[in-house]
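Student: Just passing along the structure, written as structure tokens.
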Amino acid sequence: MLRFIFRRVLQVIPVFFGSTLIVYYLVFSMSGSPIDALSGGKPISPAVVAQLTAQYHLDQPFFIQYGIFIKNLFTFNLGTSFSGRPIAAIIGQAFPVTARLAIMALAIEAIFGVTAGVFAGLRKGKLFDGTVLIASLVVIAIPTFVLGFVLQFVVGVKLGWAKPTVGSAADWADLTLPAVVLGLVSFAYVLRLTRTSILENMNADYVRTATAKGLSRRRVVMVHILRNSLIPVVTFLGADLGGLMGGAIVTEGIFNVPGVGNTLYRAVLAGEGPMVVSIVSILVLVFVLANLLVDLLYAWLDPRIRYA
Amino acid sequence: MTAKPQDSGRHPGFGPSPSPSPSPSPSPSPGPSPGRLVRRRFFGNVGALAGLTALALVILLVFSAAGIRLWGVIDIPGWWHYRYDEVLPIINDAAPTYRFPLDFGDHPFGQDRVGRDMFAMTMRGAQLSIIVMVTIGIMGTAIGVLVGAAAGYFSGAIGALLMRITDMVIVVPGVVIAAVLGVLVGHAGTGRTVLDADGNVTVVRSFSDDVFTFLQQNLGVVLLGMFLGLVIWTSMARLVRAEFLVLRELEFVDAARLAGASNHRIITRHLLPNAAGVIIVNATLLMSSAILLEAGLSYLGFGVQAPDTSLGLLVVANQSSISTRPWLFWWPGVFIVVICLCINFIGDGLRDAFDPRHGSAAPARSREAAGGSRPVPGRPGTSSAGSAAEPSDPAESAGAPVLAVRGLRVDFAVDRHWVPAVVGLDFHVHSGEVLAIVGESGSGKTASSMALLGLLAANGRATGSVWFNGAEILNATPGTLRRIRGKDIAMIFQDPMTALNPVFTVGFQIVETLRQHSAMSPAQARSDALRMLASVELPDPERTFDSYPHQLSGGQRQRALIAQSLCCRPKLLIADEATTALDVIVQAEILDLLRRLRTDLDAAIVLITHDLGVVADLADRVIVMSAGVAVETGTAHGIFSAPRHEYTKALLQAVPRLGRRPATAPAEDCRAEGPTEEGRAAGAGEGRGRPVLELSGVGIDYPGARGAGAFRAVDGIDLTIYPSELVGLVGESGSGKTSVGHAAVGLLPVTAGVLRLLDRRLDSVRPRELRALQERVGMVFQEPSGSLNPRMPVAATIGEPLLLAKGWRGAGLQRRVDELLDQVQLPRSHRNRYPHELSEGQKQRVAIARALSLSPDLLVADEPTSALDVSVQAKVLDLLRMLQRELGFACLFITHDLSVADSLADRIVVLQGGRIVEQGPREQVFGNPRDDYTRRLLAAVPVPDPDSQRLRRNQRARPGVNRLRDSFRAR
């Protein structure tokens, strides 16, 4: 088990360095002069240029720069943003908000998606199944910002059922609407995945055995079919959690959620290189943790998987 | 599994006589090709069809609007009249009016705030969105397929590297890449401000001004799409990789490799066509996410740049006017959703067409025909009315059968027609009696047993009458059935690996059964379960109780399953192919166990099997089924000694038997230089030509999971095959026999010792030489379906080695293929058929033809008949025997079935646990085995003759175990 975790973490090391290197390169080198990137296109004086050059070791070769950045990253010395606040503090403020949002969205998609998926699978070809399938296709077809904007406009502004925008506090209640928007898209995928999985398992031999044992339909479904069917669903949910923790840029933008996505987007717009690379590095770690979680859950759900 | 009704009506007269123009089980009629079937299913799908039509209409509208306007073909005032960037005087500026949904004035979709025609803008936006979508789709699919195929096919370092790269692309947030791409593709066109030395602010346009002007043309958008394709390929890569990992293991890939196909050819000709379904479906879905991606990027300001427009950009630009000019928001929004929805419906339709299991089409069923009242057959009114709840009901009089089946009929709905699987079946079983239902695949034996307990698949229905314990149980209420299932009637299924739920422990599943049927505490259930596990002779009940099914061996799993089915002391046990998946020695033990159960529990047993040896070993009475009808019923002794029906006779004739073939003196064979006994024993080969295949001290390892040590499948094997010699390699599962076969033809590397094929050491040959050597060997694989590429017609499959090795094409190739078809006794007209249009036996003939196409010196046949019904097996074995005599190739025949080896081989090699325990002439190994394992193996083979089987059983008798009886006494 420990060895398995160790191996997974080991696997991630090249991914971590590879992706941070890509982002570092993209942000600092592709967007014209690094000074412009650092200054965010704002007018700056030669003195500042000199200072920035020294601060970011721009006179050094690229890989040395990257090495210094990584060293700073691991010593939590992320530097400050253009506004003068420490980057670590900004990230530290944004992450809890995004985490709250992600957990709510995940709960929504998991609970409703699995339930609807199970019922659709059990009633394959019936009215409920058909309706739910078409509805899920429609949901998948709507761009997030259209969905978000319409919900914000209808539920938030017209009906006034929820706050249309989230303040800087961003507590659980404020985040309901964006969480619904975020959850809806994945809800459709969870539903379809659960349905497919249920259908696949319904004809499995062990289900026949369970029925032949005299178990009730409910027990056969809830214990024998469901446990097996959840395996791919959990994998999807875990991967989705990783994505959600990365911040939903569009949704956070629409509802003005002060989360990771919003911060990252602003940093990208402003060309705040150090901030972008720092956030991305943390996202890589989150992604890794989410994947590890999925693997562990997977092994817990399916004892056939061994930590090899 | 449900019976395959289309199989019924097979096997008309079969017999061992190899007829020159065979009619082996008239093949399934040449149905539609796979492609046509997919097309038919796709166009039969209402949603997909609607999506396709709507999408076509949208595309026509969107692009014709442009064409008409731009090229000035027609100039209708109003519709298509304006350019998308033309600023027009706003009609009624003070209070914008617009009659939703369509304004039939000058501007059907209204005007935006500056007066541009919204219809023209929406059309232009849709154009760009569709162009971007298609470019992203093509680009993403291309990269994804390329990366996925490579990662799946080369699973080693290359695969790992590619997967890590995929991870990297997934990890880097799209917005970062998009921002940078935006800079490249045109975002910089908006310029940036710089403070110069004098303190003036100037706008500096960056290098991509040219690209910016390009963007006004469509090429810029195509470029954008291509860049975005660089981001979005990851899901496709993962799916294709997963598909390739599965396909790669199929035998037709090995066959292609053996035929001399290069990696490139294997990927493009064999793997990709079979992954096409997955790729097409996901390419479709990729397009729908592409259009959303473009919209999202436009929303963020990284996509298409103003003044040009895309649907996403339009929606974003007009969000703020949702309360004043809602149409500005709704129309582009509707277009995005409609396009996406159409694609999703098409994708869904494609997926269902390629893989119909997931479709939402309901199985045709008309249950009403099955239920209801039906005449109860003449049974004395022992109406103890389903009081099956009493376990120790002694009401069973000695004479009354436990189970009486009358006029049972089972149908399956196939394409909205009822296809009969079982017709008019009558039988009855008494306590302590074993009734065997024998038949080949498609005979309806399993369907009939499933019908008894209402376990038919959803598309099945059963009519007739089933009396159990004095009550009608066919189509009884779910509650009644539930009380009987598992308690009074228990079932054992074929494959204990899949029959037990893989995610629960054995103990959990037994306890669940116990507590379902009687109120008992968990502790009591546990102790009962442990006792049951002990009673089926599981060595360590405690450990087994806490084990998951995959942690047990096949035999242990089957014992656990039996323990579960017996835990409520059933009156009737239905064993459906209960020993088919087991090795002979384990099978013999399980059969012994079942035999003891019958006496100990006084239960009735219905034994469903295809194996006449098993029948002879256990059954008191036998029903022979063919094509859904019981053709003969009688006592076991009667059926075996004096079969009356033609089918039964032919079936018995077809079963290979140990010791039936007379001892053949070497001189009898048509070989010029028959190997002598001494020569074989000494292993010296002078005078018989150079050995075709020579293994000395060969070991074969399978690399373990990373970190774990390698697994040694084969160890220290010495084996020599001379020209024209037929060697039978026998062993149980896991003995390494398949590894030896694969190593012999160079499909597996040898990790120890020396393997010489045609006098060349395989470990030292260069790839080119290996290919030349492989031209002189042929291989027939186990799975007839797996060893033929489903997407290749017969002629292409047979001709592939000729094409690759000899470069034959055209008429010459045709002639040779026809010749080979004649040799394996397949009609030449089958040359254009696809594998699914052939029966299993015919598929195996095609595989043999392919193996023989280059006139090999050595043929390796790896369990070529174990997936076939006995009657078909007999014919394929006859064919092999005949061809070998005719063509004189040496043959390594790998099998688990000693009877088959006995009927075919000159020399027998017995493998156990990766080592050879005995080898020698057939007469010696089977007639006078020297090794204890060989003796046990031989003793365990059930012979299809009840009398001699009883003798054999008594000979191998082991100390009796009465633990089962004791365990029940204890309760």
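Labels used: A, B, ... for chains in the order of the structure tokens, numbers from 1 for residues in each chain, and numbers from 1 for ligands as shown.
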Using only C-alpha atoms, I'd like every residue of chain A that has an atom within 6 Å of chain B; please write them out as a PDB file with N, CA and C atoms, in the first residue's frame.

Tutor:
```
ATOM      1  N   VAL A  15       5.869  14.362 -14.354  1.00  0.00           N
ATOM      2  CA  VAL A  15       4.718  15.154 -14.796  1.00  0.00           C
ATOM      3  C   VAL A  15       4.790  16.547 -14.185  1.00  0.00           C
ATOM      4  N   SER A  19       5.238  19.710 -16.593  1.00  0.00           N
ATOM      5  CA  SER A  19       4.173  20.681 -16.806  1.00  0.00           C
ATOM      6  C   SER A  19       4.566  22.054 -16.288  1.00  0.00           C
ATOM      7  N   PRO A  43       3.117  50.343 -18.174  1.00  0.00           N
ATOM      8  CA  PRO A  43       4.315  51.113 -18.469  1.00  0.00           C
ATOM      9  C   PRO A  43       5.291  51.032 -17.292  1.00  0.00           C
ATOM     10  N   LYS A 124     -34.368   0.584 -18.336  1.00  0.00           N
ATOM     11  CA  LYS A 124     -33.874   0.810 -19.687  1.00  0.00           C
ATOM     12  C   LYS A 124     -35.017   0.737 -20.703  1.00  0.00           C
ATOM     13  N   GLY A 125     -35.047   1.756 -21.568  1.00  0.00           N
ATOM     14  CA  GLY A 125     -36.045   1.745 -22.619  1.00  0.00           C
ATOM     15  C   GLY A 125     -37.399   2.295 -22.191  1.00  0.00           C
ATOM     16  N   ALA A 141     -25.035  19.879 -24.008  1.00  0.00           N
ATOM     17  CA  ALA A 141     -24.907  20.725 -25.193  1.00  0.00           C
ATOM     18  C   ALA A 141     -24.857  22.214 -24.864  1.00  0.00           C
ATOM     19  N   ILE A 142     -25.221  22.598 -23.657  1.00  0.00           N
ATOM     20  CA  ILE A 142     -25.258  24.034 -23.341  1.00  0.00           C
ATOM     21  C   ILE A 142     -23.898  24.473 -22.810  1.00  0.00           C
ATOM     22  N   PRO A 143     -23.337  25.518 -23.388  1.00  0.00           N
ATOM     23  CA  PRO A 143     -22.057  26.014 -22.863  1.00  0.00           C
ATOM     24  C   PRO A 143     -22.230  26.469 -21.413  1.00  0.00           C
ATOM     25  N   ASP A 205     -22.879 -12.592 -14.367  1.00  0.00           N
ATOM     26  CA  ASP A 205     -23.195 -13.896 -13.775  1.00  0.00           C
ATOM     27  C   ASP A 205     -23.495 -13.792 -12.291  1.00  0.00           C
ATOM     28  N   TYR A 206     -22.728 -12.946 -11.591  1.00  0.00           N
ATOM     29  CA  TYR A 206     -22.926 -12.914 -10.142  1.00  0.00           C
ATOM     30  C   TYR A 206     -24.282 -12.317  -9.774  1.00  0.00           C
ATOM     31  N   THR A 209     -26.466 -15.196  -9.934  1.00  0.00           N
ATOM     32  CA  THR A 209     -26.272 -15.990  -8.721  1.00  0.00           C
ATOM     33  C   THR A 209     -27.033 -15.375  -7.551  1.00  0.00           C
ATOM     34  N   ALA A 212     -30.553 -16.065  -7.925  1.00  0.00           N
ATOM     35  CA  ALA A 212     -30.821 -17.487  -7.691  1.00  0.00           C
ATOM     36  C   ALA A 212     -30.709 -17.842  -6.218  1.00  0.00           C
ATOM     37  N   LYS A 213     -30.046 -16.984  -5.427  1.00  0.00           N
ATOM     38  CA  LYS A 213     -29.954 -17.224  -3.993  1.00  0.00           C
ATOM     39  C   LYS A 213     -31.242 -16.848  -3.288  1.00  0.00           C
ATOM     40  N   GLY A 214     -32.129 -16.185  -3.992  1.00  0.00           N
ATOM     41  CA  GLY A 214     -33.386 -15.794  -3.376  1.00  0.00           C
ATOM     42  C   GLY A 214     -33.362 -14.407  -2.770  1.00  0.00           C
ATOM     43  N   VAL A 284      -1.017  21.192 -10.198  1.00  0.00           N
ATOM     44  CA  VAL A 284      -0.433  19.895 -10.535  1.00  0.00           C
ATOM     45  C   VAL A 284      -0.455  18.993  -9.310  1.00  0.00           C
ATOM     46  N   ASP A 302     -12.872  -2.202  -5.407  1.00  0.00           N
ATOM     47  CA  ASP A 302     -12.651  -3.418  -6.161  1.00  0.00           C
ATOM     48  C   ASP A 302     -11.435  -4.148  -5.622  1.00  0.00           C
ATOM     49  N   PRO A 303     -11.677  -5.157  -4.783  1.00  0.00           N
ATOM     50  CA  PRO A 303     -10.544  -5.831  -4.142  1.00  0.00           C
ATOM     51  C   PRO A 303      -9.640  -6.541  -5.136  1.00  0.00           C
TER      52      PRO A 303
END
```

Student: List as a list in words the protein and nucleic acid residues near Ile111 of chain A, meaning an atom at most 12 Å away when only C-alpha atoms are counted, but skip any in the same chain fewer than 6 places from it.

Tutor: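 That gives Ile103, Met104, Ala105, Gly117, Val118, Gly183, Leu184, Ser186, Phe187, Ala188, Val190, Leu191, Thr194, Val233, Val234 and Leu237 of chain A.
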
Student: Using only C-alpha atoms, which residues sit within 8 Å of Asn228 of chain A once same-chain residues fewer than 3 positions away are excluded, as a list in words?

Tutor: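 Near neighbours after the sequence-gap exclusion: Asn201, His224, Ile225, Ile231, Leu301 and Asp302 of chain A; Val503 of chain B.
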
Student: Using N, CA, C and O atoms, can you write the selected residues to a file as a PDB file, in the first residue's frame?

Tutor:
```
ATOM      1  N   ASN A 201     -23.519  -4.390 -15.730  1.00  0.00           N
ATOM      2  CA  ASN A 201     -23.449  -5.336 -14.613  1.00  0.00           C
ATOM      3  C   ASN A 201     -24.734  -6.130 -14.418  1.00  0.00           C
ATOM      4  O   ASN A 201     -24.722  -7.170 -13.790  1.00  0.00           O
ATOM      5  N   HIS A 224     -25.474  -5.774  -4.748  1.00  0.00           N
ATOM      6  CA  HIS A 224     -24.608  -6.485  -5.687  1.00  0.00           C
ATOM      7  C   HIS A 224     -24.321  -5.691  -6.956  1.00  0.00           C
ATOM      8  O   HIS A 224     -23.190  -5.612  -7.404  1.00  0.00           O
ATOM      9  N   ILE A 225     -25.359  -5.121  -7.542  1.00  0.00           N
ATOM     10  CA  ILE A 225     -25.124  -4.396  -8.798  1.00  0.00           C
ATOM     11  C   ILE A 225     -24.452  -3.051  -8.522  1.00  0.00           C
ATOM     12  O   ILE A 225     -23.476  -2.684  -9.164  1.00  0.00           O
ATOM     13  N   ILE A 231     -17.762   1.502  -9.534  1.00  0.00           N
ATOM     14  CA  ILE A 231     -16.312   1.567  -9.718  1.00  0.00           C
ATOM     15  C   ILE A 231     -15.903   2.597 -10.782  1.00  0.00           C
ATOM     16  O   ILE A 231     -15.126   3.509 -10.494  1.00  0.00           O
ATOM     17  N   LEU A 301     -12.937  -0.157  -3.585  1.00  0.00           N
ATOM     18  CA  LEU A 301     -14.189  -0.637  -4.155  1.00  0.00           C
ATOM     19  C   LEU A 301     -14.011  -1.995  -4.819  1.00  0.00           C
ATOM     20  O   LEU A 301     -14.913  -2.818  -4.815  1.00  0.00           O
ATOM     21  N   ASP A 302     -12.872  -2.202  -5.407  1.00  0.00           N
ATOM     22  CA  ASP A 302     -12.651  -3.418  -6.161  1.00  0.00           C
ATOM     23  C   ASP A 302     -11.435  -4.148  -5.622  1.00  0.00           C
ATOM     24  O   ASP A 302     -10.304  -3.806  -5.931  1.00  0.00           O
TER      25      ASP A 302
ATOM     26  N   VAL B 503     -16.533  -8.365  -5.592  1.00  0.00           N
ATOM     27  CA  VAL B 503     -16.183  -7.333  -4.615  1.00  0.00           C
ATOM     28  C   VAL B 503     -16.592  -7.695  -3.189  1.00  0.00           C
ATOM     29  O   VAL B 503     -16.414  -6.898  -2.281  1.00  0.00           O
TER      30      VAL B 503
END
```

Student: What's the 12 Å shell around segment 83-90 of chain A, counting only C-alpha atoms, without same-chain residues fewer than 3 positions away, as a VMD selection string?

Tutor: chain A and resid 39 to 40 72 to 80 93 to 97 258 to 260 262 to 264 267 270 272 to 279 282

Student: Counting only C-alpha atoms, what is within 6 Å of segment 419-435 of chain B, bar same-chain residues fewer than 2 positions away, as an MDAnalysis selection string?

Tutor: chainID B and resid 5 401:412 444 598 602:607 619:622 628:629

Student: In Å to one decimal, how far is atom CA of Val134 of chain B from atom CA of Ala248 of chain A?

Tutor: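 Rounded to one decimal, the two atoms are 25.3 Å apart.
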
Student: For Gln919 of chain B, work out the shell of residues within 7 Å, counting only C-alpha atoms and skipping chain neighbours fewer than 2 positions away, then give it as a ChimeraX atom specification.

Tutor: /B:908-910,925
